[in-house]
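Enquirer: Shown below is the structure under consideration.
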Amino acid sequence: MTSWVPFDLLDHLWQSTLFTAAVWLVARAVRTNAARVRYWLWFAASVKFLIPVSVLVLIGERFAWRTTPAAASPAVSFVIDQVLTPVATTVGTAPSAPDASPTMAIATLLLVVWCSGVGFVLSSWWRQWLPLNRARRHARAIEVAALCDAGDLQILASPLMVEPGIFGIRSQVLLVPEGITDRLTPAQLRALVAHERCHVRHRDNLTAGLHMVVEALFWFYPVVWWIERRLIEERERACDEYVLQSGSNPRDYAEGILEVCKWAKEPPLACVAGVSGGDLRRRIESILRDQIGRPTTIGERLALTFGMLTLIAMPIAAGAMNAEMPLVTVGQDPDVPVVFEVASVRLNRSGERSATLDERRPGGGFGAINTPLRLLITHAYQISNNQLIGAPEWISSERFDIDAKLDHDPPAVQAYRAGARQFALRSLLADRFKLVVHRETREVPMYALVMARADRKPGPKLTPSTTDCTPETMNTRIASAQAGKPVLGMCGSRFNSGRIRFGGYPLSDFVKVFSYDGRSVVDRTGLTGPWDLELSFTPDGAQAPSPGQDAPVIDPNAPSLPAALQEQLGLKLESITGPLEVLVVDHVERPSEN
C-alpha cells in the first residue's frame, strides 16, 4: 500500500462492506418474511455507503461525556526534557521525503479516473431519462375508472412507451404504452395498475434515485452494483405480494406481466419503477404459487429495530467517550482545568525558517517563536508529525508566536512530571484555535529501525549514555540552565538541517520523534538502556536559502540519511506495515490576534 492511497476511503469501504455482509445474513434469516422487509434492509446497506462511521463518531463527539481524564505523566516525557537543555529547542529543516511529484501525479490520475467514471455513469442515466421525458411530454391522460381502480394516480398513455412504469419522484405519474387497454384484459390491467400503485405508495423511485447516487460515487466498487440487483429483486417481489394480497388472480397477473414483456424488447430502465424488473422466471413461479411472505412478528420487528439502532448508536457512543475535551486537568483537583493564566497568540510574518519552543521559563511559562500550528499540536499531544492527519494545509505554512504562563506556580519538577504545560497548551489550542481532535488506530506503512550489521555492533556515533535524565534531576538541570551554567550531557532530541542529536533515553523514545519518508518508525534494534547519538547527513531536496535567510549548516560531503544511519549508527530502516495511533483533526480555525 502506498502513501497516496486514501486510507479514509478504504476504511469506509471495508466498513460498508462489513455492514452489507451483516445485512445479507439478516436477509437470509428473514427470507420467508415479506419481501418489503428485505428491501428496506438492502436499502439500509446502500445508505451506509453515504454515511461514513467517522460522521457518526463526530456526532458522538458533540455529546461527549463531561468526565475529566486522570492526571498522568506525558506519554513521551523526553520531548519535554529536550527544551530544558541550555539552549531552547530549535526545529530546522527536518529530514525531507523524496520528491513528491510522482505521488501527486498518481493522486491526480486517480482523481481524473474517478471523475471520468462518475461522468460516464451520470451520462448513461441521462441518456435513459431523456426518452422518458419526451414520452412524458407527448403523453395524454386516459380514463381507466371503468376497468380498474387507479385511485389518485394519474395514468398517461404515450406512443413512445414500451412498458408501464412510474415516472418522477416528487410528482409521480404512471406512463403506459398507447393502446394498453386494448391489449390487456380488465383483470390484467387491474393487477398491473395495483403493482404500480405499490411503487408509488413506497416511494420506490426516490429510494432508487438515492442508490443511483451511491453507484455514481462508488462506480468502481462491485458491491454497490450487487446491492442494486438485490434492491430491484426485493422491490418487484414486494409489489407482487401486494398485488396478490389485494385480491388479483395470480394467473391473470402473471399473464399480464408476460404480455407486457412481449412489447418491451429492451431491459428495464433505471429511471422508472416498472413491472418487468428482477428475476422474471422466479417471480412468475412465485406468483402462480400465490406465494406471499409471512408478516414479521412483534419480536422480529423489535430485533431488527434494536439491531439497526445498535449499529448507529455504537460509533456515536464511541465518539462521545473518546472525544478530546477542550480543557484537561492535572493534579489533585479534577474540577480545575489546566490553563495558561495569560497567553498571547500572534501571527509571525518574518518568513524565517527556524521555529523555537521554550519551556524553560519559570513558573510553568511557555514560549513559541515562528512556530507552525502543526508543531504546536504534535508537541501538545506528544505525537510525531505523521501521526497528525485531517488538518488543513495552513497549519503547516502559517507560523505563530506564543507567550504564555500557567495560572499557578508549581515547582518545575512537578510541571515536568504532570506535563502541565502540554495540558495547558491543549487547552490553549482548543480555546484560541477552536481545535477539536480525536484518536484512531490505523494500519499504515512504517519503518522498523534494526541493526545493520550481522554482529549487531553499533556504529561510532551511537554510544551508551551516561547522562542522568531521571525526573529527580530535572530541578537541578533547570536551575543550572536558568543561571547560565553549563549543563553536561543531553536529555532529549534536537533536529536541525542535516543534523540530529539525541541523548539520555532509550532508542524506543527516539523513534517517537523520528520519522522518514512521511512514515513513523518503530524500534526493533533490541538495544536497551539510554543512548547518545549524533547523525550528520545531507537532507533530501536541500535548497539554497532564500534572500534574507541564514544558510543552514549542511556538510556537502555528508551521506544521505539512510546511508548515515548505517555508517554512523550501525542501524538501518526496513519497510513494514503496522498499527499506528493517529490524531485526527475534526475542526480548527485561525485565531484572532491579541
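Please note that chains go A, B, ... in the order of the C-alpha cells, that every chain numbers its residues from 1, and that ligands are numbered from 1 in the order shown.
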Could you give me the residues within segment 170-383 of chain A that DSSP places in alpha helix (DSSP H), as JSON, numbers by chain?
Expert: {"A": [180, 181, 182, 183, 186, 187, 188, 189, 190, 191, 192, 193, 194, 195, 196, 197, 198, 199, 200, 201, 204, 205, 206, 207, 208, 209, 210, 211, 212, 213, 214, 215, 216, 217, 222, 223, 224, 225, 226, 227, 228, 229, 230, 231, 232, 233, 234, 235, 236, 237, 238, 239, 240, 241, 242, 243, 244, 245, 250, 251, 252, 253, 254, 255, 256, 257, 258, 259, 260, 261, 262, 263, 280, 281, 282, 283, 284, 285, 286, 287, 288, 298, 299, 300, 301, 302, 303, 304, 305, 306, 307, 308, 309, 310, 311, 312, 313, 314, 315, 316, 317, 318, 319, 320, 321, 322, 373, 374, 375, 376, 377, 378, 379, 380]}
Enquirer: Hey, what's within 6 Å of segment 496-511 of chain A if we count only C-alpha atoms and toss same-chain stuff fewer than 2 positions away? As a ChimeraX atom specification, please?
Expert: /A:91-93,465,467,469,490-494,513-514,521-523,529-539,554
Enquirer: Given only C-alpha atoms as the basis, pick out the residue of A:Gly165, A:Thr305, A:Leu122, A:Ala141 nearest to Leu41 of chain A.
Expert: A:Thr305
Enquirer: Nearest residue to Trp125 of chain A out of A:Leu189, A:Ile142, A:Ala481, A:Met212, using only C-alpha atoms?
Expert: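 Going through A:Leu189, A:Ile142, A:Ala481, A:Met212 one by one, the smallest distance to Trp125 of chain A is for A:Met212.
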Enquirer: Which value, in Å to one decimal, gives the distance between atom CA of Leu304 of chain A and atom CA of Arg229 of chain A?
Expert: 22.2 Å
Enquirer: Name all residues at most 9 Å from Arg519 of chain A (count only C-alpha atoms; drop same-chain ones fewer than 5 positions away) and give them as a PyMOL selection string.
Expert: chain A and resi 3+386-387+444-447
Enquirer: List the spatial neighbours of Val585 of chain A as an MDAnalysis selection string - criterion: any atom at most 12 Å away, only C-alpha atoms, same-chain residues fewer than 3 positions off excluded.
Expert: chainID A and resid 54 58 323:324 374 377:378 387:393 395 429:430 433:440 582 588:589
Enquirer: Enumerate, as a count of residues only, the complete set of residues in segment 474-513 of chain A that a backbone-based DSSP assignment places in strand (DSSP E or B).
Expert: 12
Enquirer: Between A:Phe400, A:Phe43, A:Trp126, A:Phe167, which one has atoms that come closest to Asn370 of chain A, using only C-alpha atoms?
Expert: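 Comparing A:Phe400, A:Phe43, A:Trp126, A:Phe167 against Asn370 of chain A, the winner is A:Phe400.
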Enquirer: Could you check the closest approach to Ala448 of chain A for each of A:Leu109, A:Ala22, A:Leu573, A:Ile59 and tell me which residue wins, using only C-alpha atoms?
Expert: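 Going through A:Leu109, A:Ala22, A:Leu573, A:Ile59 one by one, the smallest distance to Ala448 of chain A is for A:Leu573.
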Enquirer: A:Ile227, A:Val584, A:Ala107, A:Met161: which is nearest Arg38 of chain A, counting only C-alpha atoms?
Expert: A:Ile227
